[in-house]
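As structure tokens, the structure follows; a few thoughts come after it.
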Amino acid sequence: MALADNRTLQVTHASLMGPVRRLRRIAMARGGRMREQLRGACEAATAVLKETDG
């Protein structure tokens with residue numbers, strides 16, 4: 001992700017990405033609500049791409 005020239009924003013983003021990825025991995029391994037939300041988001045994205053391609 002390209003961030004603006006705001007150094008504080010860049011440092012904050014970098015410091016949060018590791019923990020966020022770890023929590024996402026844990027949640028996805030357990031399944032449930034987060035996995036269902038991801039599935040729904042993927043279906044929506046696929047539908048949008050099909051709509052714009054055709």
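Just remember, in the structure tokens the first chain shown is A, the second B, etc., residues are 1-based per chain, and ligands are 1-based in the order shown.
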
* To do: List every residue of chain A that DSSP, applied to the backbone of this structure, assigns to alpha helix (DSSP H), and report them as number ranges by chain.
  => A: 7-30, 33-53

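Of note, CA of Leu38 in chain A and CA of Arg24 in chain A are spaced 10.8 Å apart.
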
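Counting from CA of Gly31 in chain A, the distance to CA of Glu43 in chain A is 17.1 Å.
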
* Provide the CA of Val20 in chain A to CA of Arg35 in chain A distance in Å, to one decimal place. => 15.3 Å
